[in-house]
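**Q** Contents of structure-v3.txt (compact mmCIF, C-alpha atoms):
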```
# COMPACT_ATOMS: atom_id res chain seq x y z
CA MET A 1 -71.13 8.20 90.80
CA ASN A 2 -73.06 8.69 87.54
CA ASN A 3 -71.19 11.93 86.85
CA LEU A 4 -67.87 10.27 87.61
CA LYS A 5 -68.73 7.46 85.21
CA ILE A 6 -69.55 9.96 82.46
CA PHE A 7 -66.17 11.65 82.95
CA THR A 8 -64.05 8.49 83.15
CA ASN A 9 -65.74 6.62 80.30
CA GLY A 10 -63.91 8.56 77.62
CA ILE A 11 -60.58 8.27 79.39
CA VAL A 12 -60.51 4.48 79.71
CA LYS A 13 -63.64 2.37 79.14
CA GLU A 14 -64.86 4.15 76.00
CA ASN A 15 -61.59 5.70 74.88
CA PRO A 16 -62.23 7.03 71.36
CA LEU A 17 -58.93 5.72 69.98
CA LEU A 18 -58.03 2.56 71.89
CA VAL A 19 -61.55 1.18 72.41
CA LEU A 20 -63.93 2.79 69.90
CA SER A 21 -61.24 3.14 67.21
CA ILE A 22 -62.61 6.35 65.67
CA GLY A 23 -60.75 9.46 64.52
CA LEU A 24 -57.66 7.43 63.69
CA CYS A 25 -56.38 9.29 60.61
CA SER A 26 -55.30 12.45 62.41
CA SER A 27 -54.07 10.53 65.45
CA LEU A 28 -51.59 8.51 63.38
CA ALA A 29 -50.58 11.36 61.10
CA VAL A 30 -49.66 14.03 63.67
CA THR A 31 -48.00 11.89 66.35
CA THR A 32 -44.45 12.12 65.02
CA SER A 33 -43.63 14.56 67.85
CA VAL A 34 -44.96 15.23 71.34
CA PHE A 35 -45.52 18.90 70.50
CA ASN A 36 -47.79 17.96 67.60
CA GLY A 37 -49.68 15.30 69.57
CA LEU A 38 -50.31 17.60 72.53
CA GLY A 39 -51.32 20.49 70.27
CA MET A 40 -53.77 18.35 68.32
CA GLY A 41 -55.24 16.95 71.53
CA VAL A 42 -55.82 20.38 73.05
CA ALA A 43 -57.31 21.74 69.82
CA MET A 44 -59.63 18.76 69.53
CA THR A 45 -60.70 19.03 73.18
CA PHE A 46 -61.53 22.73 72.79
CA VAL A 47 -63.67 22.15 69.70
CA LEU A 48 -65.39 19.16 71.32
CA LEU A 49 -66.13 21.06 74.54
CA MET A 50 -67.48 24.20 72.91
CA SER A 51 -69.51 22.30 70.31
CA GLU A 52 -71.13 20.06 72.91
CA VAL A 53 -71.90 23.02 75.17
CA ILE A 54 -73.59 25.06 72.42
CA ILE A 55 -75.56 22.12 71.06
CA SER A 56 -76.67 21.06 74.55
CA LEU A 57 -77.94 24.58 75.26
CA CYS A 58 -79.78 24.73 71.92
CA ARG A 59 -80.91 21.10 71.74
CA LYS A 60 -84.58 21.94 72.33
CA ILE A 61 -84.80 24.54 69.58
CA ILE A 62 -82.84 22.75 66.84
CA PRO A 63 -85.30 21.04 64.45
CA SER A 64 -84.57 17.32 64.19
CA ALA A 65 -84.84 17.45 60.38
CA ILE A 66 -81.79 19.74 60.08
CA ARG A 67 -79.87 18.79 63.19
CA LEU A 68 -76.83 17.40 61.34
CA PRO A 69 -76.23 20.56 59.25
CA CYS A 70 -76.61 22.60 62.44
CA PHE A 71 -74.09 20.41 64.24
CA ILE A 72 -71.58 20.75 61.40
CA ILE A 73 -71.93 24.55 61.34
CA VAL A 74 -71.26 24.78 65.08
CA ILE A 75 -68.24 22.44 64.88
CA ALA A 76 -66.88 24.28 61.83
CA ALA A 77 -67.15 27.63 63.63
CA PHE A 78 -65.02 26.51 66.56
CA THR A 79 -62.58 24.68 64.28
CA THR A 80 -62.06 27.95 62.39
CA ILE A 81 -61.41 29.75 65.68
CA VAL A 82 -58.74 27.18 66.57
CA GLN A 83 -57.12 27.52 63.13
CA LEU A 84 -56.94 31.30 63.36
CA VAL A 85 -55.57 31.28 66.92
CA LEU A 86 -52.86 28.72 66.10
CA ALA A 87 -51.92 30.53 62.89
CA ALA A 88 -51.55 33.78 64.83
CA PHE A 89 -49.76 32.58 67.97
CA LEU A 90 -48.30 29.14 67.12
CA PRO A 91 -47.61 29.20 63.38
CA ALA A 92 -45.10 26.35 63.61
CA LEU A 93 -47.70 24.05 65.18
CA SER A 94 -50.33 25.18 62.68
CA ASP A 95 -48.04 24.36 59.76
CA SER A 96 -47.05 21.04 61.29
CA LEU A 97 -50.65 19.89 61.80
CA GLY A 98 -51.45 21.01 58.27
CA VAL A 99 -54.65 19.72 56.71
CA PHE A 100 -55.54 17.64 59.77
CA LEU A 101 -56.41 20.78 61.73
CA PRO A 102 -59.36 21.83 59.51
CA LEU A 103 -60.37 18.17 59.25
CA ILE A 104 -61.44 18.37 62.90
CA VAL A 105 -64.77 19.49 61.42
CA VAL A 106 -65.51 15.99 60.17
CA ASN A 107 -63.81 14.07 62.95
CA CYS A 108 -65.97 11.10 63.96
CA ILE A 109 -65.29 11.65 67.66
CA ILE A 110 -66.85 15.12 67.74
CA MET A 111 -69.75 14.31 65.45
CA GLY A 112 -70.46 11.10 67.36
CA ARG A 113 -70.50 12.74 70.80
CA VAL A 114 -72.54 15.69 69.59
CA GLU A 115 -75.17 13.43 68.02
CA SER A 116 -75.34 10.71 70.68
CA PHE A 117 -74.73 12.72 73.87
CA ALA A 118 -74.79 16.51 73.64
CA SER A 119 -78.11 16.64 71.79
CA LYS A 120 -79.79 14.59 74.53
CA ASN A 121 -78.23 15.66 77.84
CA SER A 122 -77.94 18.65 80.17
CA LEU A 123 -75.04 21.11 80.25
CA GLY A 124 -73.34 19.64 83.32
CA LYS A 125 -73.19 16.12 81.90
CA VAL A 126 -72.06 17.43 78.53
CA ILE A 127 -69.10 19.28 80.06
CA LEU A 128 -67.99 16.14 81.90
CA ASP A 129 -68.37 14.05 78.76
CA SER A 130 -66.41 16.43 76.55
CA PHE A 131 -63.54 16.74 79.05
CA GLY A 132 -63.43 12.96 79.53
CA MET A 133 -63.38 12.26 75.79
CA GLY A 134 -60.89 15.07 75.18
CA ILE A 135 -58.50 13.85 77.89
CA GLY A 136 -58.86 10.27 76.64
CA TYR A 137 -58.01 11.36 73.10
CA THR A 138 -55.12 13.58 74.19
CA TRP A 139 -53.34 11.13 76.48
CA VAL A 140 -53.29 8.47 73.77
CA LEU A 141 -51.90 10.96 71.24
CA VAL A 142 -49.20 12.05 73.67
CA ALA A 143 -48.30 8.44 74.55
CA ILE A 144 -47.95 7.50 70.87
CA SER A 145 -45.99 10.70 70.20
CA ILE A 146 -43.53 10.06 73.03
CA ILE A 147 -42.72 6.57 71.74
CA ARG A 148 -42.44 7.61 68.10
CA GLU A 149 -40.39 10.74 68.73
CA LEU A 150 -38.09 9.05 71.21
CA LEU A 151 -37.38 5.95 69.12
CA GLY A 152 -37.60 7.55 65.69
CA ALA A 153 -36.07 11.00 66.15
CA GLY A 154 -34.19 10.30 69.38
CA SER A 155 -35.66 13.36 71.06
CA PHE A 156 -38.31 14.52 73.52
CA PHE A 157 -40.01 17.87 72.87
CA GLY A 158 -37.20 18.55 70.42
CA ILE A 159 -34.43 17.88 72.95
CA GLU A 160 -32.00 15.23 71.66
CA ILE A 161 -31.71 12.21 73.95
CA ILE A 162 -30.71 9.22 71.80
CA PRO A 163 -27.71 9.49 69.43
CA GLU A 164 -28.49 9.24 65.71
CA ALA A 165 -26.76 5.87 65.38
CA TYR A 166 -29.29 4.24 67.72
CA ARG A 167 -32.47 5.72 66.26
CA LEU A 168 -35.10 3.69 64.41
CA SER A 169 -36.38 5.84 61.56
CA LEU A 170 -39.24 3.39 61.02
CA PHE A 171 -41.13 5.00 63.90
CA THR A 172 -41.24 8.41 62.20
CA SER A 173 -43.00 6.86 59.18
CA ALA A 174 -46.62 5.75 58.76
CA PRO A 175 -45.88 2.03 59.39
CA GLY A 176 -44.21 2.98 62.67
CA GLY A 177 -47.35 4.79 63.75
CA PHE A 178 -49.48 1.75 63.00
CA ILE A 179 -47.10 -0.51 64.92
CA VAL A 180 -47.13 1.66 68.05
CA PHE A 181 -50.88 2.12 67.90
CA GLY A 182 -51.45 -1.62 67.39
CA LEU A 183 -49.26 -2.48 70.38
CA MET A 184 -51.16 0.00 72.56
CA ILE A 185 -54.49 -1.54 71.53
CA ALA A 186 -53.12 -5.03 72.28
CA LEU A 187 -51.93 -3.87 75.70
CA THR A 188 -55.32 -2.29 76.41
CA GLU A 189 -57.15 -5.47 75.44
CA GLY A 190 -54.81 -7.56 77.56
CA ILE A 191 -55.34 -5.40 80.63
CA SER A 192 -59.13 -5.33 80.09
CA GLY A 193 -59.20 -9.14 79.78
CA ALA A 194 -57.16 -9.58 82.95
CA VAL A 195 -59.43 -7.21 84.88
CA ALA A 196 -62.54 -9.04 83.62
CA LYS A 197 -61.13 -12.42 84.67
CA SER A 198 -60.22 -11.05 88.09
CA LYS A 199 -63.77 -9.76 88.61
CA ALA A 200 -65.22 -13.11 87.47
CA LYS A 201 -63.11 -15.01 90.00
CA LYS A 202 -64.33 -12.74 92.80
CA VAL A 203 -67.97 -13.33 91.85
CA GLU A 204 -67.73 -17.15 91.66
CA PRO A 205 -66.88 -17.76 95.36
CA VAL A 206 -69.81 -15.57 96.38
CA LYS A 207 -72.20 -17.65 94.29
CA ALA A 208 -70.74 -20.83 95.75
CA ASP A 209 -71.28 -19.55 99.29
CA GLU A 210 -74.90 -18.69 98.46
CA ALA A 211 -75.44 -22.20 97.12
CA ASP A 212 -74.00 -23.75 100.30
CA THR A 213 -76.31 -21.58 102.42
CA GLU A 214 -79.36 -22.69 100.43
CA THR A 215 -78.35 -26.34 100.82
CA THR A 216 -77.93 -25.94 104.57
CA VAL A 217 -81.39 -24.42 104.91
CA GLU A 218 -83.12 -26.98 102.72
CA THR A 219 -81.64 -30.06 104.46
CA PRO A 220 -83.75 -29.82 107.66
CA LYS A 221 -86.92 -29.39 105.54
CA GLU A 222 -86.16 -32.60 103.65
CA ALA A 223 -85.52 -34.43 106.93
CA GLU A 224 -88.97 -33.40 108.21
```
What's the structure tokens form of this structure?

**A**
Amino acid sequence: MNNLKIFTNGIVKENPLLVLSIGLCSSLAVTTSVFNGLGMGVAMTFVLLMSEVIISLCRKIIPSAIRLPCFIIVIAAFTTIVQLVLAAFLPALSDSLGVFLPLIVVNCIIMGRVESFASKNSLGKVILDSFGMGIGYTWVLVAISIIRELLGAGSFFGIEIIPEAYRLSLFTSAPGGFIVFGLMIALTEGISGAVAKSKAKKVEPVKADEADTETTVETPKEAE
């Protein structure tokens, strides 16, 4: 159950975008199309996974005084690998992501997980954590991209679905990204609040039953 919790935390409970609200710049900038959102999510997940794995394996030999420079070097190495691979095999995606691809190096999500988790935990837990965080980041990017591309460009993966007359160009601009992202956060908070209230209601009857039991036991004692 502990391993399952580590994996699912990043997907829902500690989602880096909807809950922790970190790494927002790239997520809002590249989500004008599903292709871009999915590509950024996969690239980010790869860098996160490999960086966490290497740092977890070397955590006992990295001096604490220079740990941050070491972390940045490892992250930068895998970010460079992603840049070169995309430039060679998916140049259109590389050009579309632009400056936000090399900026993965300083993304708060990767640096935060490397510092707080990978440098303190074993390889197995680190792999689960990186996949959970990566999936959590990617599904939010794809969800935002679907809404923005569909409403703003009238297409899905470049395939035209909505006629130009019915498109809302606002959603292809920066304000449109903020609107979609804000609505998703509001929906997440609403669902979390409803779940919390539901759990609270289930706990209250149990406490009431326990109180009734205690009263029933104490009554004969008082009579004596």

**Q** Nearest to A:Gly37 among A:Leu183, A:Gly158, A:Leu128, A:Leu97, with distances taken over all atoms listed in the file: which residue is it?

**A**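 Among the listed residues, A:Leu97 lies closest to A:Gly37.
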
**Q** Atom CA of A:Cys108 to atom CA of A:Lys120: how many Å, to one decimal?

**A**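 According to the coordinates, atom CA of A:Cys108 and atom CA of A:Lys120 are separated by 17.7 Å.
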
**Q** Counting only C-alpha atoms, which residue out of A:Val34, A:Val142, A:Leu18, A:Ala29 sits closest to A:Ser155?

**A**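 Closest to A:Ser155, using only C-alpha atoms: A:Val34.
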
**Q** Given the choices A:Tyr166, A:Phe71, A:Trp139, A:Phe157, which gets closest to A:Leu17 if the distance is worked out from all atoms listed in the file?

**A**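 Of all the options, A:Trp139 lies closest to A:Leu17.
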
**Q** Using Å and a single decimal, report how far atom CA of A:Ser51 sits from atom CA of A:Val74.

**A** 6.0 Å

**Q** Restricting the calculation to only C-alpha atoms, which member of A:Ile22, A:Ala87, A:Leu101, A:Leu57 is positioned closest to A:Val126?

**A**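 Looking at the shortest contact to A:Val126, the residue is A:Leu57.
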
**Q** Give me the residues near A:Thr45 as an MDAnalysis selection string, where near means some atom within 9 Å (using all atoms listed in the file) and where sequence neighbours in that chain fewer than 4 positions away do not count.

**A** chainID A and resid 40:41 49:50 130:131 133:135 137:138

**Q** Using C-alpha atoms, can you write the selected residues to a file as a PDB file, in the coordinates of the input?

**A**
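New file part-v3.pdb:
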```
ATOM      1  CA  MET A  40     -53.770  18.350  68.320  1.00  0.00           C
ATOM      2  CA  GLY A  41     -55.240  16.950  71.530  1.00  0.00           C
ATOM      3  CA  LEU A  49     -66.130  21.060  74.540  1.00  0.00           C
ATOM      4  CA  MET A  50     -67.480  24.200  72.910  1.00  0.00           C
ATOM      5  CA  SER A 130     -66.410  16.430  76.550  1.00  0.00           C
ATOM      6  CA  PHE A 131     -63.540  16.740  79.050  1.00  0.00           C
ATOM      7  CA  MET A 133     -63.380  12.260  75.790  1.00  0.00           C
ATOM      8  CA  GLY A 134     -60.890  15.070  75.180  1.00  0.00           C
ATOM      9  CA  ILE A 135     -58.500  13.850  77.890  1.00  0.00           C
ATOM     10  CA  TYR A 137     -58.010  11.360  73.100  1.00  0.00           C
ATOM     11  CA  THR A 138     -55.120  13.580  74.190  1.00  0.00           C
TER      12      THR A 138
END
```
